[in-house]
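Engineer: This is the structure I want to talk about, given as structure tokens.
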Amino acid sequence: MRAEQFKGARKLLVPELLMLPEGPKRGQAVLVDGRKFRAVGPAEQLMAAHPGLRPVRLDGHLIMPGFVDAHHHLTQSFGKAQSFGQPSEIFKTIWEPLEHALDRDSAYVSAKLAALEALRGGFTTVADAGTRAPVDVAAIARATEEAGIRCVLSKVVSDGRGGPEHLGRWDAHPLVHPSLAIPVPEDASAKVIKRTADLCREAGAVLQIHVNEHLASVERSLKSVGRRPVEYLRHLGALGPQTLGSHATLLTPGEMRMLADSGAAISYNPVASAWKGNAVAHATMLAAMGVRFGTGTDGTRGDGFRLVDAAETAQRLAYGIASGDSSCGAGRMWLEHATSLSADALGLSEVTGEISVGKAADFLVVDIDVPELTPSSALEWELVRLAGRDQITAVVVDGRLRLWEGWPPDWDGRALVARAARMGPEVVRRAKLQRVEPH
């Protein structure tokens, strides 16, 4: 294989295996024409139907949908290592000071660095949950667009201002999908929360809001409004299909029922739970109850295969062992909730998340001719438990090759890394973070 084979508007790709919604299949091909999948089917039929196209044979490789990160903080990439060993609710001591120390250039570099890491980890879409940096979010949009990743871009509107303008600002943009954010319910008045939810519902956008993440936040909600966060959103009429609740690790059975009945979605963020959480979201229970959920990194690490591994492992350790559940949903469940169902949680089910006709050509070319996957008999399980990002040969977003063997083919990724290495420590110094030094 050569990177040049993925250039050009029309490409007929014939992989060893193609990951379709029903599972992996041999003998299949895809026609990418422009930004979308235009045909998917048996390789012999597609080659016969398009005799003028030279097939790109990808022996020993899998084509699968790109991972969809349902919860990220793109302007926090300079502080990743600052969060290690810290207690929960570090947004007060680490993330808010860090983001407040950013200017337009450093916010741009932080977001582009995070986007590059995400692409290297197999993500073709990221949902930015809204920055507190005192900058126009256009800097983040420019960073993700230049990197070539699809972005659900939030604007924080806790003060009730700027929502309609933001939702209308990115009309018809191929890679930027606008969203509104209220970081936590106590950040905004009841009137603003309800109005923002209504704006998102009318615009077909998502409202991103952290809910039931930490015990302290649940108790604050009970003391201030007499209700737990999810219950409070339901009480306000702000819980609906447009709502994307981040984390939701501390849910009562009643709140799970509210989520299911309302059609709201959550982002299940297992690595965040492991690093600084009070609990693990009961994702298998949510799936059984019909709650929509995607899988998110929360900006911890941009590695799709390690994320699905963590998603399954966290369920097994937190819930599966105690109940004797040896499968915890099995491999396909975690792949779906990291791709197509993550896209659904972001309101992008008609855009991305699976390989099917009419969807955006957002996909990975994965080397499966490796010792870790040999012999292979249950590929979906193997991708969840055994695969790694070093097997990702190519990342294609919106029909364009964005990453080849770990690096962008059309811009200087190493120069960005060097720039971030110089800039990041200065931002951290300005932020004056309040770290609890682990012993």
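Going through the structure tokens in order, the chains are called A, B, and so on, while each chain numbers its residues from 1 and the ligands are numbered from 1 in the order shown.
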For region 36-47 of chain A, find every residue with an atom within 6 Å (counting only C-alpha atoms), except residues of its own chain fewer than 4 positions away, and show them as a list in words.
Structural biologist: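 Result of the neighbour search: Gly27, Gln28, Ala29, Val30, Leu31, Val32, Pro51, Val357, Gly358, Lys359, Ala360 and Ala361 of chain A.
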Engineer: Output C-alpha atoms for every residue in that selection, as a compact mmCIF listing (two decimals), in the first residue's frame.
Structural biologist:
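Below you can see part_16.txt, which holds the result:
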```txt
# COMPACT_ATOMS: atom_id res chain seq x y z
CA GLY A 27 -15.20 -10.34 -0.30
CA GLN A 28 -16.63 -6.83 0.03
CA ALA A 29 -15.64 -3.49 -1.47
CA VAL A 30 -16.53 0.17 -1.00
CA LEU A 31 -16.72 2.98 -3.51
CA VAL A 32 -15.72 6.34 -2.09
CA PRO A 51 -14.49 -0.94 -14.89
CA VAL A 357 -24.16 4.22 1.38
CA GLY A 358 -24.69 7.94 1.84
CA LYS A 359 -22.67 8.25 5.05
CA ALA A 360 -19.49 10.30 5.22
CA ALA A 361 -16.37 8.37 4.25
```
Engineer: Neighbours of Ala111 (chain A) within 8 Å (only C-alpha atoms; same-chain residues fewer than 2 positions away dropped), as number ranges by chain?
Structural biologist: A: 74-77, 107-109, 113-115, 140, 143-144
Engineer: Name the closest residue to Leu286 (chain A) among the candidates A:Ala70, A:Ile266, A:Val271, A:Val395; distances are taken between atoms, counting only C-alpha atoms.
Structural biologist: A:Ile266
Engineer: Extract the full set of strand (DSSP E) residues from region 119-305 of chain A according to DSSP on the backbone, and format it as a VMD selection string.
Structural biologist: chain A and resid 123 to 128 150 to 156 176 to 181 207 to 211 243 to 247 265 to 268 292 to 295
Engineer: For Ala394 (chain A), which residue out of A:Gly66, A:Pro371, A:Gly329, A:Pro183 is the nearest one, using only C-alpha atoms?
Structural biologist: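 Once distances to Ala394 (chain A) are computed over only C-alpha atoms, the minimum belongs to A:Gly66.
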